[in-house]
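Data from model_21.cif: mmCIF, C-alpha atoms
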data_run
#
loop_
_atom_site.group_PDB
_atom_site.id
_atom_site.type_symbol
_atom_site.label_atom_id
_atom_site.label_comp_id
_atom_site.auth_asym_id
_atom_site.auth_seq_id
_atom_site.Cartn_x
_atom_site.Cartn_y
_atom_site.Cartn_z
ATOM 1 C CA MET A 1 0.000 0.000 0.000
ATOM 2 C CA ARG A 2 2.877 2.323 0.852
ATOM 3 C CA LYS A 3 4.359 1.794 -2.618
ATOM 4 C CA TYR A 4 1.091 2.784 -4.296
ATOM 5 C CA LEU A 5 0.862 5.904 -2.154
ATOM 6 C CA PHE A 6 4.447 6.805 -2.991
ATOM 7 C CA LEU A 7 3.833 6.199 -6.708
ATOM 8 C CA LEU A 8 0.737 8.366 -6.549
ATOM 9 C CA MET A 9 2.713 11.168 -4.922
ATOM 10 C CA ALA A 10 5.407 10.846 -7.590
ATOM 11 C CA ALA A 11 2.733 11.170 -10.273
ATOM 12 C CA LEU A 12 1.350 14.263 -8.600
ATOM 13 C CA VAL A 13 4.817 15.826 -8.603
ATOM 14 C CA LEU A 14 5.166 14.953 -12.277
ATOM 15 C CA VAL A 15 1.838 16.554 -13.167
ATOM 16 C CA ALA A 16 2.551 19.590 -11.005
ATOM 17 C CA CYS A 17 5.935 20.113 -12.656
ATOM 18 C CA GLY A 18 4.338 19.719 -16.094
ATOM 19 C CA ASN A 19 5.807 22.509 -18.120
ATOM 20 C CA ALA A 20 7.853 24.129 -15.354
ATOM 21 C CA ASN A 21 11.001 23.507 -17.365
ATOM 22 C CA ALA A 22 9.600 24.920 -20.625
ATOM 23 C CA ASP A 23 12.153 27.740 -20.689
ATOM 24 C CA SER A 24 15.183 25.528 -20.068
ATOM 25 C CA GLU A 25 17.395 24.551 -22.981
ATOM 26 C CA ASN A 26 16.681 21.306 -24.823
ATOM 27 C CA VAL A 27 19.630 19.318 -26.070
ATOM 28 C CA ASN A 28 18.937 16.992 -28.978
ATOM 29 C CA ASP A 29 20.352 16.146 -32.352
ATOM 30 C CA SER A 30 18.884 19.191 -34.105
ATOM 31 C CA ASN A 31 19.909 22.011 -31.786
ATOM 32 C CA ASP A 32 22.334 24.830 -32.496
ATOM 33 C CA SER A 33 24.322 24.545 -29.251
ATOM 34 C CA GLY A 34 26.855 22.122 -30.708
ATOM 35 C CA GLU A 35 25.883 19.393 -28.261
ATOM 36 C CA VAL A 36 24.646 16.125 -29.667
ATOM 37 C CA GLY A 37 22.212 13.744 -27.993
ATOM 38 C CA ASN A 38 23.232 10.198 -27.141
ATOM 39 C CA ASN A 39 22.276 7.678 -29.797
ATOM 40 C CA LYS A 40 21.807 4.272 -28.203
ATOM 41 C CA SER A 41 20.841 0.975 -29.708
ATOM 42 C CA ASN A 42 18.943 -1.424 -27.508
ATOM 43 C CA ASN A 43 19.006 -5.200 -27.710
ATOM 44 C CA GLU A 44 15.895 -5.180 -29.933
ATOM 45 C CA GLY A 45 17.674 -3.195 -32.648
ATOM 46 C CA GLU A 46 15.742 0.025 -32.001
ATOM 47 C CA ASN A 47 17.825 3.200 -32.047
ATOM 48 C CA LEU A 48 17.111 5.496 -29.128
ATOM 49 C CA THR A 49 18.031 9.160 -29.175
ATOM 50 C CA ALA A 50 18.645 10.325 -25.643
ATOM 51 C CA HIS A 51 19.409 13.634 -23.990
ATOM 52 C CA ILE A 52 23.134 13.954 -23.445
ATOM 53 C CA ASP A 53 22.791 14.305 -19.657
ATOM 54 C CA ILE A 54 20.821 11.068 -19.113
ATOM 55 C CA ARG A 55 23.055 8.199 -17.985
ATOM 56 C CA ASP A 56 22.951 4.871 -19.829
ATOM 57 C CA GLU A 57 21.853 3.015 -16.685
ATOM 58 C CA VAL A 58 18.763 5.219 -16.307
ATOM 59 C CA ILE A 59 17.980 4.907 -20.023
ATOM 60 C CA GLY A 60 18.303 1.119 -19.949
ATOM 61 C CA ASP A 61 16.229 0.611 -16.804
ATOM 62 C CA SER A 62 13.518 3.010 -17.950
ATOM 63 C CA TYR A 63 13.368 1.481 -21.422
ATOM 64 C CA GLN A 64 13.099 -2.024 -19.955
ATOM 65 C CA VAL A 65 10.112 -0.969 -17.832
ATOM 66 C CA MET A 66 8.379 0.817 -20.723
ATOM 67 C CA ARG A 67 8.828 -2.212 -23.035
ATOM 68 C CA LEU A 68 7.682 -4.631 -20.324
ATOM 69 C CA ILE A 69 4.462 -2.645 -19.975
ATOM 70 C CA GLU A 70 4.038 -2.443 -23.754
ATOM 71 C CA LYS A 71 4.472 -6.196 -24.208
ATOM 72 C CA ALA A 72 1.990 -6.901 -21.406
ATOM 73 C CA ILE A 73 -0.569 -4.634 -23.063
ATOM 74 C CA ASP A 74 -0.035 -6.378 -26.410
ATOM 75 C CA LYS A 75 -0.709 -9.728 -24.728
ATOM 76 C CA ASP A 76 -3.525 -8.264 -22.601
ATOM 77 C CA GLU A 77 -1.966 -9.550 -19.390
ATOM 78 C CA GLU A 78 -0.401 -8.109 -16.263
ATOM 79 C CA PRO A 79 3.354 -7.430 -16.498
ATOM 80 C CA ASN A 80 5.867 -8.754 -13.988
ATOM 81 C CA MET A 81 5.059 -6.332 -11.174
ATOM 82 C CA ASN A 82 8.247 -7.281 -9.294
ATOM 83 C CA ILE A 83 10.338 -5.674 -12.033
ATOM 84 C CA LEU A 84 8.152 -2.565 -12.015
ATOM 85 C CA PHE A 85 8.376 -2.277 -8.230
ATOM 86 C CA ASP A 86 12.151 -2.851 -8.338
ATOM 87 C CA TYR A 87 12.379 0.126 -10.691
ATOM 88 C CA THR A 88 10.315 2.367 -8.421
ATOM 89 C CA ASP A 89 12.247 1.181 -5.370
ATOM 90 C CA LYS A 90 15.529 2.026 -7.074
ATOM 91 C CA TYR A 91 14.648 5.386 -8.601
ATOM 92 C CA VAL A 92 11.721 6.759 -6.599
ATOM 93 C CA GLU A 93 12.236 5.465 -3.078
ATOM 94 C CA GLY A 94 16.022 5.481 -3.578
ATOM 95 C CA TYR A 95 16.011 8.949 -5.143
ATOM 96 C CA ASP A 96 18.653 10.359 -2.779
ATOM 97 C CA GLU A 97 21.128 7.552 -3.501
ATOM 98 C CA GLN A 98 20.698 7.830 -7.280
ATOM 99 C CA GLU A 99 21.653 11.523 -7.487
ATOM 100 C CA LEU A 100 19.491 12.042 -10.565
ATOM 101 C CA ASN A 101 19.922 15.246 -12.546
ATOM 102 C CA GLU A 102 16.865 17.133 -13.869
ATOM 103 C CA GLN A 103 16.718 15.264 -17.166
ATOM 104 C CA GLU A 104 17.026 11.846 -15.502
ATOM 105 C CA PHE A 105 14.355 12.792 -12.978
ATOM 106 C CA GLU A 106 12.003 13.732 -15.819
ATOM 107 C CA LEU A 107 12.562 10.354 -17.530
ATOM 108 C CA VAL A 108 12.096 8.458 -14.264
ATOM 109 C CA SER A 109 8.910 10.437 -13.604
ATOM 110 C CA ALA A 110 7.506 9.641 -17.062
ATOM 111 C CA THR A 111 8.321 5.962 -16.572
ATOM 112 C CA THR A 112 6.844 5.927 -13.072
ATOM 113 C CA LEU A 113 3.651 7.468 -14.407
ATOM 114 C CA MET A 114 3.364 4.523 -16.809
ATOM 115 C CA VAL A 115 3.882 2.114 -13.901
ATOM 116 C CA ILE A 116 1.089 3.822 -11.979
ATOM 117 C CA ARG A 117 -1.257 3.593 -14.965
ATOM 118 C CA VAL A 118 -0.410 0.002 -15.910
ATOM 119 C CA ASP A 119 -3.640 -1.424 -14.483
ATOM 120 C CA SER A 120 -5.807 0.999 -16.452
ATOM 121 C CA TYR A 121 -3.879 0.259 -19.658
ATOM 122 C CA ILE A 122 -4.641 -3.451 -19.321
ATOM 123 C CA THR A 123 -8.073 -3.624 -17.702
ATOM 124 C CA ILE A 124 -9.829 -1.263 -20.081
ATOM 125 C CA GLY A 125 -9.211 -2.077 -23.744
ATOM 126 C CA SER A 126 -9.801 1.472 -24.937
ATOM 127 C CA GLU A 127 -6.941 2.701 -22.755
ATOM 128 C CA ARG A 128 -4.399 1.450 -25.336
ATOM 129 C CA ARG A 129 -4.714 4.915 -26.892
ATOM 130 C CA ASP A 130 -3.678 6.435 -23.560
ATOM 131 C CA PHE A 131 -0.685 4.124 -23.424
ATOM 132 C CA GLU A 132 0.361 5.174 -26.920
ATOM 133 C CA LEU A 133 0.174 8.843 -25.906
ATOM 134 C CA ASP A 134 2.211 8.156 -22.754
ATOM 135 C CA LYS A 135 4.715 6.166 -24.815
ATOM 136 C CA GLU A 136 5.148 9.101 -27.216
ATOM 137 C CA LYS A 137 5.704 11.407 -24.250
ATOM 138 C CA TRP A 138 8.216 8.913 -22.827
ATOM 139 C CA TYR A 139 10.259 8.941 -26.050
ATOM 140 C CA LYS A 140 10.084 12.756 -26.197
ATOM 141 C CA THR A 141 11.243 12.943 -22.569
ATOM 142 C CA LEU A 142 14.137 10.592 -23.361
ATOM 143 C CA GLU A 143 15.174 12.789 -26.277
ATOM 144 C CA THR A 144 14.735 16.236 -24.727
ATOM 145 C CA GLY A 145 15.059 15.592 -21.003
ATOM 146 C CA GLU A 146 11.740 17.377 -20.412
ATOM 147 C CA TYR A 147 8.312 15.875 -19.832
ATOM 148 C CA GLN A 148 5.620 17.638 -21.863
ATOM 149 C CA ALA A 149 2.455 17.077 -19.830
ATOM 150 C CA ASP A 150 -0.070 18.426 -22.340
ATOM 151 C CA GLU A 151 1.697 17.801 -25.640
ATOM 152 C CA GLY A 152 -0.058 15.356 -27.932
ATOM 153 C CA THR A 153 -3.193 14.945 -25.830
ATOM 154 C CA THR A 154 -5.659 16.554 -28.229
ATOM 155 C CA ASN A 155 -6.973 15.056 -31.411
ATOM 156 C CA ASP A 156 -8.153 17.680 -33.875
#

I'd like the structure from this file rewritten - as structure tokens, please.
Amino acid sequence: MRKYLFLLMAALVLVACGNANADSENVNDSNDSGEVGNNKSNNEGENLTAHIDIRDEVIGDSYQVMRLIEKAIDKDEEPNMNILFDYTDKYVEGYDEQELNEQEFELVSATTLMVIRVDSYITIGSERRDFELDKEKWYKTLETGEYQADEGTTND
């Protein structure tokens, strides 16, 4: 129960922060600052473009959790919750030990939000659309280091 409460609080912080970092500089492959984002290839052959300040360990752990949730949704079954809780234990409850920078915190927050919503993604079939939106936001957060709370949520 304590884990769920802590995850809920983390989600509230994520939502509250929303666009608080909108004026900070983004670093990605197409900027003019001369810095280049990290290009990583995962074990599934997918190329990931990551913000230069996000450590490989955080990228790998976060990607593993996101893919675990995605695969569970595809199979319409519950993911291995032990792995999801290990992630939140490591990065949310162990926040002080991890010494996350702003960009890593944003990625961990986006991933944690997906962990919190995992039950709604699976139990209600129409929530797959919500997962896809959260997944897009996750990739954008990985690339820019900033979570865009409202971006991509409207369909015109």

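Among A:Arg67, A:Glu132, A:Ser62, A:Leu100, the residue with the shortest atom-to-atom distance to Thr88 in chain A, counting all atoms listed in the file, is A:Ser62.
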
CA of Glu104 in chain A to CA of Ile54 in chain A, straight-line distance in Å:
5.3 Å

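The coordinates place CA of Glu57 in chain A at 27.1 Å from CA of Glu77 in chain A.
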
Distance query Arg128 in chain A at most 12 Å, all atoms listed in the file, self and fewer than 5 positions along chain excluded, as a list in words
Ile69, Glu70, Lys71, Ala72, Ile73, Asp74, Lys75, Asp76, Met114, Arg117, Val118, Asp119, Ser120, Tyr121, Ile122, Thr123, Leu133, Asp134 and Lys135 of chain A

Of the residues A:Trp138, A:Tyr91, A:Met81, A:Gln103, which is the one nearest to Asp61 in chain A, using only C-alpha atoms?
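The shortest atom-to-atom distance to Asp61 in chain A comes from A:Tyr91.
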
One decimal, Å: what's the distance from CA of Tyr95 in chain A over to CA of Met66 in chain A, could you say?
19.2 Å

Assuming the chain letters and numbering stay as they are in my file, what does the PyMOL selection byres ((chain A and resi 101) around 12) actually select? List them as a short mmCIF file (atom, residue, chain, number, x, y, z; two decimals) with C-alpha atoms, in the coordinates of the input.
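That gives us result.cif:
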data_model
loop_
_atom_site.label_atom_id
_atom_site.label_comp_id
_atom_site.auth_asym_id
_atom_site.auth_seq_id
_atom_site.Cartn_x
_atom_site.Cartn_y
_atom_site.Cartn_z
CA HIS A 51 19.41 13.63 -23.99
CA ILE A 52 23.13 13.95 -23.44
CA ASP A 53 22.79 14.30 -19.66
CA ILE A 54 20.82 11.07 -19.11
CA ARG A 55 23.06 8.20 -17.98
CA VAL A 58 18.76 5.22 -16.31
CA TYR A 91 14.65 5.39 -8.60
CA TYR A 95 16.01 8.95 -5.14
CA ASP A 96 18.65 10.36 -2.78
CA GLU A 97 21.13 7.55 -3.50
CA GLN A 98 20.70 7.83 -7.28
CA GLU A 99 21.65 11.52 -7.49
CA LEU A 100 19.49 12.04 -10.56
CA GLU A 102 16.86 17.13 -13.87
CA GLN A 103 16.72 15.26 -17.17
CA GLU A 104 17.03 11.85 -15.50
CA PHE A 105 14.36 12.79 -12.98
CA GLU A 106 12.00 13.73 -15.82
CA LEU A 107 12.56 10.35 -17.53
CA VAL A 108 12.10 8.46 -14.26
CA GLY A 145 15.06 15.59 -21.00
CA GLU A 146 11.74 17.38 -20.41
#

Pick the closest to Ala149 in chain A from A:Gln64, A:Asn47, A:Asn82, A:Ser109: which is it, counting only C-alpha atoms?
A:Ser109

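Distance annotation: of A:Ile83, A:Glu136, A:Glu78, A:Ala50, the residue with the minimal separation from Val65 in chain A is A:Ile83; atom set is only C-alpha atoms.
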
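Using only C-alpha atoms, the shortest contact distance between Ile116 in chain A and any of A:Leu84, A:Ile59, A:Leu48, A:Leu68 is found at A:Leu84.
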